[in-house]
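As stored in my_file_10.txt (compact mmCIF, C-alpha atoms):
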# COMPACT_ATOMS: atom_id res chain seq x y z
CA MET A 226 13.90 27.58 17.31
CA ASN A 227 15.54 30.27 15.18
CA GLN A 228 14.21 31.52 11.83
CA GLN A 229 16.90 29.74 9.78
CA THR A 230 16.04 26.40 11.36
CA MET A 231 12.35 27.00 10.66
CA GLN A 232 13.12 27.70 7.00
CA ASN A 233 15.00 24.41 6.71
CA LEU A 234 12.06 22.34 7.93
CA THR A 235 10.30 20.23 5.31
CA LEU A 236 6.61 19.33 5.11
CA PHE A 237 7.60 15.93 6.44
CA ASP A 238 9.20 17.55 9.49
CA LEU A 239 6.07 19.61 10.14
CA LEU A 240 3.31 17.14 9.33
CA ALA A 241 4.69 13.65 10.01
CA ARG A 242 4.79 11.56 13.14
CA SER A 243 7.86 9.41 12.63
CA TRP A 244 9.33 6.42 14.42
CA ARG A 245 12.42 4.27 13.87
CA ARG A 246 12.17 0.46 13.89
CA PRO A 247 15.26 -1.79 14.33
CA SER A 248 15.03 -3.08 10.75
CA ALA A 249 13.63 -2.11 7.36
CA ILE A 250 9.89 -1.67 6.89
CA ALA A 251 8.57 -4.31 4.49
CA GLY A 252 4.91 -3.32 4.26
CA LEU A 253 2.05 -1.51 5.95
CA ARG A 254 -1.75 -1.55 6.22
CA PHE A 255 -4.41 0.78 7.53
CA SER A 256 -7.10 -0.89 9.61
CA THR A 257 -10.56 -1.14 8.07
CA ASP A 258 -11.91 1.70 10.21
CA GLY A 259 -8.80 3.82 9.59
CA SER A 260 -7.96 4.12 13.28
CA ALA A 261 -4.59 2.32 13.18
CA VAL A 262 -1.66 1.51 10.89
CA ALA A 263 0.39 -1.67 11.17
CA PHE A 264 3.98 -1.74 9.86
CA THR A 265 5.75 -5.02 9.15
CA SER A 266 9.55 -5.24 9.32
CA VAL A 267 12.03 -7.64 7.75
CA ASP A 268 12.84 -8.98 11.25
CA GLY A 269 9.35 -10.54 11.42
CA THR A 270 7.86 -8.04 13.87
CA VAL A 271 4.80 -5.82 13.53
CA ALA A 272 4.46 -2.30 14.96
CA ILE A 273 1.14 -0.49 15.31
CA ALA A 274 0.48 3.25 15.38
CA THR A 275 -2.72 5.05 16.31
CA VAL A 276 -3.87 7.36 13.54
CA ALA A 277 -5.50 9.92 15.86
CA ASP A 278 -3.15 12.90 16.20
CA HIS A 279 -2.93 14.78 19.50
CA GLU A 280 -1.27 17.72 17.74
CA THR A 281 -3.32 18.01 14.56
CA PRO A 282 -2.05 20.28 11.78
CA GLU A 283 -5.13 22.49 12.21
CA SER A 284 -4.25 23.12 15.86
CA ARG A 285 -0.79 24.32 14.82
CA LEU A 286 -1.83 26.61 11.97
CA ARG A 287 -1.44 30.37 12.31
CA VAL A 288 -2.69 33.06 9.93
CA SER A 289 -0.93 36.44 10.14
CA HIS A 290 -3.43 39.30 10.27
CA ASP A 291 -1.24 41.74 8.35
CA LEU A 292 -0.26 39.53 5.39
CA GLY A 293 -2.88 36.81 5.56
CA GLN A 294 -0.09 34.23 5.32
CA THR A 295 -0.68 30.77 6.77
CA THR A 296 2.15 29.04 8.65
CA ILE A 297 2.34 25.93 10.78
CA ARG A 298 4.43 25.55 13.88
CA PRO A 299 6.41 22.36 14.59
CA ARG A 300 5.15 19.72 16.99
CA GLU A 301 5.96 20.34 20.63
CA LYS A 302 5.75 16.76 21.88
CA PRO A 303 7.11 13.46 20.55
CA PRO A 304 4.51 11.10 19.03
CA VAL A 305 2.94 8.35 21.12
CA PRO A 306 5.30 5.32 20.85
CA LEU A 307 4.50 2.46 18.53
CA ILE A 308 3.11 -0.78 19.94
CA ALA A 309 5.57 -3.48 18.86
CA THR A 310 5.13 -7.25 18.80
CA ALA A 311 7.53 -10.13 19.06
CA ALA A 312 8.71 -11.72 15.82
CA PHE A 313 6.19 -13.91 13.98
CA GLY A 314 8.84 -15.33 11.64
CA ASP A 315 12.45 -15.07 10.47
CA GLY A 316 11.63 -12.54 7.74
CA ASP A 317 8.85 -10.12 6.92
CA VAL A 318 5.39 -11.60 7.48
CA PRO A 319 2.20 -11.17 5.42
CA LEU A 320 -0.39 -8.79 6.84
CA ALA A 321 -4.06 -7.96 6.17
CA ALA A 322 -6.70 -5.70 7.69
CA HIS A 323 -9.29 -7.61 9.73
CA ALA A 324 -12.48 -6.75 11.61
CA HIS A 325 -12.77 -3.03 12.34
CA SER A 326 -9.52 -1.92 13.90
CA GLY A 327 -7.48 -5.13 13.89
CA PHE A 328 -5.19 -7.07 11.58
CA LEU A 329 -4.30 -10.61 10.54
CA VAL A 330 -0.67 -11.77 10.57
CA GLY A 331 0.67 -14.87 8.83
CA ALA A 332 3.19 -16.61 11.09
CA ALA A 333 6.02 -19.06 10.42
CA SER A 334 4.12 -21.51 12.65
CA GLY A 335 1.42 -21.87 9.99
CA GLU A 336 -1.09 -19.87 12.03
CA VAL A 337 -3.09 -16.84 10.95
CA LEU A 338 -3.15 -14.72 14.09
CA PRO A 339 -5.63 -11.90 14.74
CA LEU A 340 -3.82 -8.84 16.11
CA THR A 341 -5.71 -6.07 17.89
CA ALA A 342 -4.90 -2.39 17.48
CA GLY A 343 -3.48 -2.60 20.99
CA GLY A 344 -0.96 -5.24 19.93
CA GLU A 345 -2.68 -8.22 21.56
CA VAL A 346 -2.47 -11.57 19.74
CA VAL A 347 -5.74 -13.51 19.77
CA ALA A 348 -6.38 -17.24 19.23
CA PRO A 349 -5.46 -18.42 15.69
CA LEU A 350 -8.08 -17.90 13.00
CA VAL A 351 -6.55 -20.49 10.63
CA ARG A 352 -3.91 -23.22 10.95
CA ILE A 353 -2.12 -24.85 8.02
CA GLU A 354 1.08 -26.82 7.56
CA GLY A 355 4.21 -24.87 6.77
CA PRO A 356 5.01 -21.18 7.24
CA ILE A 357 2.47 -18.70 5.86
CA VAL A 358 3.99 -16.62 3.06
CA ALA A 359 0.81 -15.18 1.48
CA LEU A 360 -2.33 -13.78 3.05
CA ASP A 361 -5.40 -11.74 2.13
CA HIS A 362 -8.76 -11.16 3.79
CA SER A 363 -12.09 -10.05 2.31
CA ALA A 364 -14.25 -8.26 4.86
CA ARG A 365 -17.26 -8.35 2.55
CA ALA A 366 -17.10 -12.12 2.13
CA ASP A 367 -15.64 -12.76 5.59
CA THR A 368 -13.12 -15.05 3.91
CA THR A 369 -9.38 -15.43 4.42
CA ALA A 370 -6.95 -16.82 1.84
CA VAL A 371 -3.55 -18.14 2.93
CA GLY A 372 -0.63 -19.78 1.16
CA ASN A 373 2.42 -21.67 2.41
CA GLY A 374 4.38 -21.29 -0.81
CA HIS A 375 2.88 -24.32 -2.55
CA ASP A 376 -0.73 -24.74 -1.44
CA ILE A 377 -3.51 -22.17 -1.06
CA PHE A 378 -6.32 -22.45 1.48
CA LEU A 379 -9.63 -20.66 2.06
CA SER A 380 -11.22 -20.14 5.46
CA ARG A 381 -14.64 -18.60 6.11
CA GLY A 382 -14.99 -17.18 9.60
CA GLN A 383 -13.65 -19.74 12.04
CA ASP A 384 -14.21 -22.66 9.65
CA ASP A 385 -11.47 -25.13 8.87
CA ALA A 386 -9.27 -24.15 5.94
CA VAL A 387 -10.19 -25.76 2.61
CA GLN A 388 -7.40 -26.33 0.11
CA LEU A 389 -7.77 -25.06 -3.44
CA GLY A 390 -7.02 -27.63 -6.11
CA CYS A 391 -3.73 -26.14 -7.23
CA ARG A 392 -0.11 -26.83 -6.39
CA VAL A 393 3.08 -25.35 -7.78
CA THR A 394 6.73 -26.15 -7.27
CA SER A 395 7.85 -22.52 -7.16
CA SER A 396 6.97 -20.29 -4.24
CA THR A 397 4.14 -17.80 -4.32
CA ASP A 398 3.58 -14.86 -2.00
CA THR A 399 0.84 -12.99 -3.85
CA LEU A 400 -2.88 -13.36 -3.15
CA ALA A 401 -5.61 -10.79 -3.76
CA PHE A 402 -9.40 -10.90 -3.38
CA SER A 403 -11.55 -8.95 -5.81
CA PRO A 404 -13.33 -5.93 -4.29
CA GLY A 405 -16.49 -7.94 -3.62
CA GLY A 406 -14.60 -10.98 -2.35
CA ARG A 407 -16.13 -13.32 -4.93
CA ARG A 408 -12.90 -13.98 -6.82
CA LEU A 409 -9.33 -14.67 -5.75
CA ALA A 410 -6.21 -14.04 -7.82
CA CYS A 411 -3.17 -16.16 -6.99
CA GLY A 412 0.34 -15.67 -8.29
CA LEU A 413 1.57 -19.19 -9.03
CA GLY A 414 5.02 -19.50 -10.50
CA GLU A 415 5.26 -17.47 -13.70
CA GLY A 416 1.54 -17.06 -13.96
CA LEU A 417 -1.75 -16.15 -12.38
CA SER A 418 -4.74 -18.27 -11.39
CA ILE A 419 -8.17 -16.69 -10.95
CA TRP A 420 -10.72 -18.54 -8.81
CA ALA A 421 -14.41 -18.09 -8.08
CA VAL A 422 -14.60 -18.50 -4.31
CA GLU A 423 -18.26 -17.80 -3.58
CA GLY A 424 -19.63 -21.16 -2.45
CA ASP A 425 -17.51 -24.08 -3.64
CA ALA A 426 -14.25 -22.73 -5.06
CA ALA A 427 -13.80 -23.24 -8.81
CA LEU A 428 -10.95 -22.31 -11.14
CA ILE A 429 -12.00 -19.65 -13.66
CA ARG A 430 -8.77 -19.58 -15.64
CA ASP A 431 -4.99 -19.73 -15.59
CA VAL A 432 -3.03 -16.86 -17.11
CA SER A 433 0.57 -17.35 -18.27
CA LEU A 434 2.96 -14.49 -17.58
CA PRO A 435 6.61 -13.94 -18.62
CA ALA A 436 7.79 -13.57 -15.01
CA ARG A 437 6.67 -14.16 -11.44
CA PRO A 438 4.10 -11.68 -10.07
CA ALA A 439 5.51 -9.50 -7.30
CA SER A 440 2.21 -7.73 -6.56
CA ILE A 441 -1.44 -8.07 -7.57
CA ARG A 442 -4.06 -5.31 -7.47
CA TRP A 443 -7.68 -5.46 -8.66
CA SER A 444 -9.27 -2.32 -10.08
CA ASP A 445 -12.02 -0.88 -7.88
CA ASP A 446 -14.77 -2.23 -10.15
CA GLY A 447 -13.10 -5.65 -10.51
CA THR A 448 -12.80 -5.42 -14.30
CA TRP A 449 -8.97 -5.42 -14.42
CA LEU A 450 -6.00 -6.96 -12.65
CA ALA A 451 -2.58 -5.30 -12.58
CA CYS A 452 0.40 -7.49 -11.70
CA GLY A 453 3.82 -6.05 -11.03
CA LEU A 454 6.41 -8.54 -12.30
CA GLU A 455 9.81 -9.40 -10.84
CA THR A 456 11.29 -8.64 -14.27
CA GLY A 457 9.94 -7.08 -17.44
CA GLY A 458 7.45 -4.47 -16.24
CA PHE A 459 3.87 -5.31 -15.32
CA ALA A 460 0.92 -7.23 -16.71
CA LEU A 461 -2.58 -5.90 -17.28
CA VAL A 462 -5.06 -8.78 -17.20
CA ASP A 463 -8.72 -8.96 -18.17
CA PRO A 464 -10.08 -11.52 -15.66
CA VAL A 465 -13.11 -12.30 -17.85
CA ASP A 466 -11.34 -13.54 -20.99
CA GLY A 467 -7.89 -14.02 -19.45
CA HIS A 468 -6.21 -11.79 -22.03
CA SER A 469 -3.02 -10.20 -20.70
CA SER A 470 -0.87 -7.42 -22.03
CA ILE A 471 2.68 -6.72 -20.85
CA VAL A 472 3.76 -3.11 -20.30
CA ALA A 473 7.54 -3.29 -20.51
CA GLY A 474 10.44 -0.85 -20.59
CA PHE A 475 10.85 -0.35 -16.84
CA PRO A 476 14.47 0.01 -15.65
CA SER A 477 13.63 -1.60 -12.29
CA PRO A 478 11.17 -4.26 -11.04
CA VAL A 479 7.61 -2.98 -10.66
CA ARG A 480 7.13 -3.60 -6.94
CA THR A 481 3.88 -1.65 -6.58
CA VAL A 482 0.88 -0.92 -8.77
CA CYS A 483 -2.22 1.05 -7.77
CA TRP A 484 -5.52 2.27 -9.16
CA SER A 485 -6.97 5.77 -8.95
CA GLN A 486 -10.76 5.57 -8.96
CA PRO A 487 -11.28 9.38 -9.19
CA ALA A 488 -9.04 9.56 -12.27
CA ASP A 489 -9.91 6.09 -13.67
CA ALA A 490 -6.18 5.48 -13.99
CA LEU A 491 -3.45 2.93 -13.27
CA PHE A 492 0.00 3.69 -11.85
CA ALA A 493 3.21 1.70 -11.41
CA SER A 494 6.57 2.10 -9.69
CA GLY A 495 9.89 1.11 -11.23
CA ALA A 496 10.53 4.09 -13.54
CA PHE A 497 12.37 7.40 -13.27
CA ARG A 498 9.04 9.20 -13.04
CA ILE A 499 5.48 8.43 -11.95
CA ALA A 500 4.23 6.07 -14.66
CA GLY A 501 0.48 6.19 -15.24
CA TRP A 502 -2.21 5.48 -17.81
CA SER A 503 -5.83 6.52 -18.21
CA MET A 504 -8.07 3.47 -18.42
CA THR A 505 -10.17 5.21 -21.07
CA ALA A 506 -7.32 4.07 -23.34
CA PRO A 507 -5.71 1.18 -21.39
CA PRO A 508 -2.11 0.21 -22.24
CA VAL A 509 -2.99 -3.02 -24.06
CA GLY A 510 -1.57 -4.19 -27.39
CA GLY A 511 0.97 -1.38 -27.49
CA GLU A 512 -1.64 1.36 -26.98
CA THR A 513 0.08 4.49 -25.63
CA SER A 514 -2.49 7.27 -26.09
CA GLY A 515 -3.65 6.86 -22.47
CA ALA A 516 -0.23 7.62 -20.96
CA LEU A 517 -0.47 10.30 -18.28
CA GLU A 518 2.46 12.68 -17.90
CA THR A 519 2.40 13.02 -14.13
CA GLY A 520 5.01 14.75 -12.00
CA ARG A 521 8.55 15.37 -13.17
CA ALA A 522 11.06 12.98 -14.67
CA GLY A 523 14.42 12.63 -12.90
CA LEU A 524 17.39 10.37 -12.28
CA ILE A 525 16.02 8.54 -9.21
CA LEU A 526 13.75 5.50 -9.37
CA VAL A 527 10.20 5.54 -8.04
CA GLU A 528 9.95 2.66 -5.52
CA ALA A 529 6.32 2.99 -4.36
CA VAL A 530 3.11 4.67 -5.52
CA ALA A 531 -0.25 5.23 -3.81
CA ALA A 532 -3.36 6.85 -5.29
CA HIS A 533 -5.48 9.21 -3.20
CA PRO A 534 -8.91 7.64 -2.55
CA GLU A 535 -10.96 10.78 -3.23
CA LYS A 536 -8.90 13.20 -5.33
CA LYS A 537 -6.91 13.00 -8.56
CA LEU A 538 -3.62 12.84 -6.70
CA ILE A 539 -0.81 10.26 -6.60
CA ALA A 540 1.89 9.91 -3.94
CA ALA A 541 5.31 8.59 -4.91
CA GLY A 542 8.27 7.43 -2.83
CA TYR A 543 11.75 7.30 -4.35
CA ALA A 544 14.96 5.33 -3.89
CA ASN A 545 16.64 8.40 -2.35
CA GLY A 546 13.86 8.91 0.20
CA ARG A 547 12.13 11.68 -1.74
CA ILE A 548 8.34 11.79 -1.27
CA THR A 549 6.08 13.79 -3.58
CA ILE A 550 2.37 14.18 -4.28
CA ALA A 551 1.43 14.99 -7.86
CA GLN A 552 -1.72 16.00 -9.66
CA ILE A 553 -2.62 13.17 -12.02
CA GLY A 554 -1.91 14.16 -15.61
CA ALA A 555 0.03 17.30 -14.64
CA ARG A 556 3.64 18.17 -13.86
CA ASP A 557 2.72 19.95 -10.60
CA GLU A 558 4.21 18.29 -7.52
CA LEU A 559 4.11 18.91 -3.81
CA LEU A 560 7.48 18.07 -2.29
CA VAL A 561 6.85 16.41 1.06
CA ARG A 562 10.38 15.17 1.77
CA PRO A 563 13.43 15.91 -0.39
CA LEU A 564 15.76 13.17 0.89
CA GLY A 565 15.95 10.25 3.28
CA SER A 566 16.10 6.48 3.28
CA ALA A 567 14.64 4.57 0.32
CA VAL A 568 10.85 4.30 0.52
CA THR A 569 9.52 0.74 0.66
CA ALA A 570 5.79 1.26 1.29
CA LEU A 571 3.12 3.94 0.89
CA ALA A 572 -0.62 3.93 1.59
CA TRP A 573 -3.38 6.51 2.03
CA SER A 574 -6.04 6.27 4.72
CA GLY A 575 -9.58 5.74 3.48
CA ASP A 576 -10.47 9.40 4.04
CA GLY A 577 -7.32 10.67 2.30
CA ARG A 578 -6.16 12.68 5.32
CA HIS A 579 -3.16 10.51 6.20
CA LEU A 580 -0.29 9.03 4.18
CA ALA A 581 1.62 6.18 5.84
CA VAL A 582 5.26 5.64 4.86
CA GLY A 583 7.81 2.87 5.41
CA ALA A 584 11.53 3.02 4.58
CA VAL A 585 14.67 0.88 4.40
CA ASP A 586 16.25 2.46 7.50
CA GLY A 587 13.27 1.38 9.63
CA THR A 588 11.44 4.69 9.45
CA ALA A 589 7.69 4.29 9.96
CA ALA A 590 5.66 7.46 9.60
CA ILE A 591 2.15 8.88 9.30
CA ILE A 592 1.89 12.19 7.45
CA THR A 593 -1.31 14.03 8.40
CA PHE A 594 -2.34 16.79 5.99
CA PRO A 595 -4.47 19.83 6.89
CA ALA A 596 -7.97 19.53 5.48
CA GLN A 597 -7.52 22.66 3.34
CA MET A 598 -4.28 21.47 1.71
CA PHE A 599 -5.97 19.43 -1.05
CA LYS A 600 -8.96 21.48 -2.16
Can you dump the structure from the file as structure tokens?
Amino acid sequence: MNQQTMQNLTLFDLLARSWRRPSAIAGLRFSTDGSAVAFTSVDGTVAIATVADHETPESRLRVSHDLGQTTIRPREKPPVPLIATAAFGDGDVPLAAHAHSGFLVGAASGEVLPLTAGGEVVAPLVRIEGPIVALDHSARADTTAVGNGHDIFLSRGQDDAVQLGCRVTSSTDTLAFSPGGRRLACGLGEGLSIWAVEGDAALIRDVSLPARPASIRWSDDGTWLACGLETGGFALVDPVDGHSSIVAGFPSPVRTVCWSQPADALFASGAFRIAGWSMTAPPVGGETSGALETGRAGLILVEAVAAHPEKKLIAAGYANGRITIAQIGARDELLVRPLGSAVTALAWSGDGRHLAVGAVDGTAAIITFPAQMFK
């Protein structure tokens, strides 16, 4: 490899293991133990990658003795191939982490199927009528929530699924357990229902929203809910009193929201920059003093955001394939990839060493960062 070619390599080229699926990546999840990543595609298949890297960045680092400059050589071998499944449905299927290294997949058959890190499908955990369009699992409560678009069911362990007392005429594909697994938030039509699910399930409250929730994320301490909306920005909901505040002004739907525990901050996609707020002054009732100027504004929409689990960093994926990592509350950015296919999904591993990426052209990737990169 000549010097000019080396100079043209990006961080993505040097640090990422990348694969190409036949269709767009719809979502991704790290396993609970962080040993595997599962990528879902819009063709209904799931592909699994092992996180362990046989050519770690540290093994490819070189420090010149004369200048003290650190460089990294490219990978010499292609990554271990993904383990791909057959299609579980006609479109993208819901996915959740389950057990230690496995996953749960919601199938069009109405079955919740455990999937091992080796790609093996195990006997169904839950069966309901109709295709499964929503799924979440709480490891702490050992409880699974599933929805078929109209009804929502709870299953504890291998128990039969129990239907919650709610039914809507419009489809829902958003379910999210609170961090402790004691509450469940359900996107139902143009609104949100919050249930206590410890013991006999009981409705806590219904929250009316101006548009259908596209994503639901609890804060790490369970005191807030952030809901990306199909139109009109996102909602910030207090699950105790049910008060909601709409943060509007986004030029595109807010497909992803995420919380940074180290920075006590909230971030959302859908703008021309990384949009974030400190929760010391949450964006409720028009409050703007908590806005965090993070990264650089541009002309390309942010499609996905993911907060680092241990450091005050936020990763962003753009509509033009650009991937950056920014210091929260600062303009400094690390450019990981300048261009590519539109990013559809981003997630950090629990230890913050790996960033998984999905894209419209079917690219599935794991970017592994040297330990000394984020000091």
Contact residues around Thr235 (chain A) with only C-alpha atoms at 12 Å, ignoring same-chain residues under 3 positions, as a VMD selection string: chain A and resid 230 to 232 238 to 241 297 to 299 547 to 549 559 to 565 592
May I have the protein, DNA and RNA residues with an atom at most 7 Å from (-6.5, -23.5, 11.3), counting all atoms listed in the file in the file's coordinates, returned as a list in words? Glu336, Pro349, Leu350, Val351, Arg352, Ile353, Asp385 and Ala386 of chain A
Excluding Ala567 (chain A) and any residue of its chain fewer than 6 positions from it, enumerate the residues within 6 Å of it, using only C-alpha atoms, and give them as a PyMOL selection string. chain A and resi 544-546+584-585
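If you measure from each of A:Ser284, A:Ala590, A:Arg300, A:Ala364 to His323 (chain A) using only C-alpha atoms, the closest one turns out to be A:Ala364.
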Using CA of Phe402 (chain A) and CA of His362 (chain A) as the two end points, give the distance in Å to one decimal.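 CA of His362 (chain A) lies at a distance of 7.2 Å from CA of Phe402 (chain A).
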Step by step, gather every atom of region 505-520 of chain A that the file lists, find the box along x, y and z that holds them, add 5 Å on each side, and finally give centre and edge lengths in Å to one decimal, as AutoDock Vina command-line options.
--center_x -2.6 --center_y 5.3 --center_z -19.7 --size_x 25.2 --size_y 28.9 --size_z 25.5
Using all atoms listed in the file, determine which residues lie at most 9 Å from region 433-448 of chain A, disregarding the query and same-chain residues fewer than 4 positions distant; provide the list as a count of residues only. 42
Take CA of Trp244 (chain A) and CA of Val318 (chain A) and report the distance between them in Å, one decimal. 19.7 Å
Taking 4 positions as the minimum chain separation for residues in the same chain, which residues sit within 7 Å of region 259-265 of chain A when counting all atoms listed in the file? Answer as a PyMOL selection string. chain A and resi 250-255+269-277+317-318+326+342+574-575
Take the residues from that selection and put them in a file with C-alpha atoms, as a short mmCIF file (atom, residue, chain, number, x, y, z; two decimals), keeping the file's coordinate frame.
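And here is the file that came out, part-v8.cif:
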data_model
loop_
_atom_site.label_atom_id
_atom_site.label_comp_id
_atom_site.auth_asym_id
_atom_site.auth_seq_id
_atom_site.Cartn_x
_atom_site.Cartn_y
_atom_site.Cartn_z
CA ILE A 250 9.89 -1.67 6.89
CA ALA A 251 8.57 -4.31 4.49
CA GLY A 252 4.91 -3.32 4.26
CA LEU A 253 2.05 -1.51 5.95
CA ARG A 254 -1.75 -1.55 6.22
CA PHE A 255 -4.41 0.78 7.53
CA GLY A 269 9.35 -10.54 11.42
CA THR A 270 7.86 -8.04 13.87
CA VAL A 271 4.80 -5.82 13.53
CA ALA A 272 4.46 -2.30 14.96
CA ILE A 273 1.14 -0.49 15.31
CA ALA A 274 0.48 3.25 15.38
CA THR A 275 -2.72 5.05 16.31
CA VAL A 276 -3.87 7.36 13.54
CA ALA A 277 -5.50 9.92 15.86
CA ASP A 317 8.85 -10.12 6.92
CA VAL A 318 5.39 -11.60 7.48
CA SER A 326 -9.52 -1.92 13.90
CA ALA A 342 -4.90 -2.39 17.48
CA SER A 574 -6.04 6.27 4.72
CA GLY A 575 -9.58 5.74 3.48
#
Give me, please, the distance in Å between CA of Val267 (chain A) and CA of Gly331 (chain A), quoted to one decimal.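 If I compute the distance from CA of Val267 (chain A) to CA of Gly331 (chain A), I get 13.5 Å.
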Can you pull out every residue within 6 Å of region 379-381 of chain A, counting only C-alpha atoms, but drop anything in the same chain fewer than 3 positions away, and send it as a list in words?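 Skipping anything fewer than 3 positions along the chain leaves Asp367, Thr368, Thr369, Ala370, Asp384, Ala386 and Val387 of chain A.
Here the question is which of A:Gly458, A:Pro319, A:Gly510, A:Pro595 gets nearest to Glu280 (chain A) using all atoms listed in the file, and that residue is A:Pro595.
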Tell me which of A:Asp278, A:Asp291, A:Glu518, A:Asp557 sits closest to Pro303 (chain A), counting only C-alpha atoms. A:Asp278
Could you give me, as a list in words, the residues that sit within 7 Å of (-5.8, 6.8, -20.1) in the file's coordinates, counting all atoms listed in the file?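 Checking each residue against the 7 Å limit leaves Ala490, Trp502, Ser503, Met504, Thr505, Ala506, Pro507, Ser514, Gly515, Ala516 and Leu517 of chain A.
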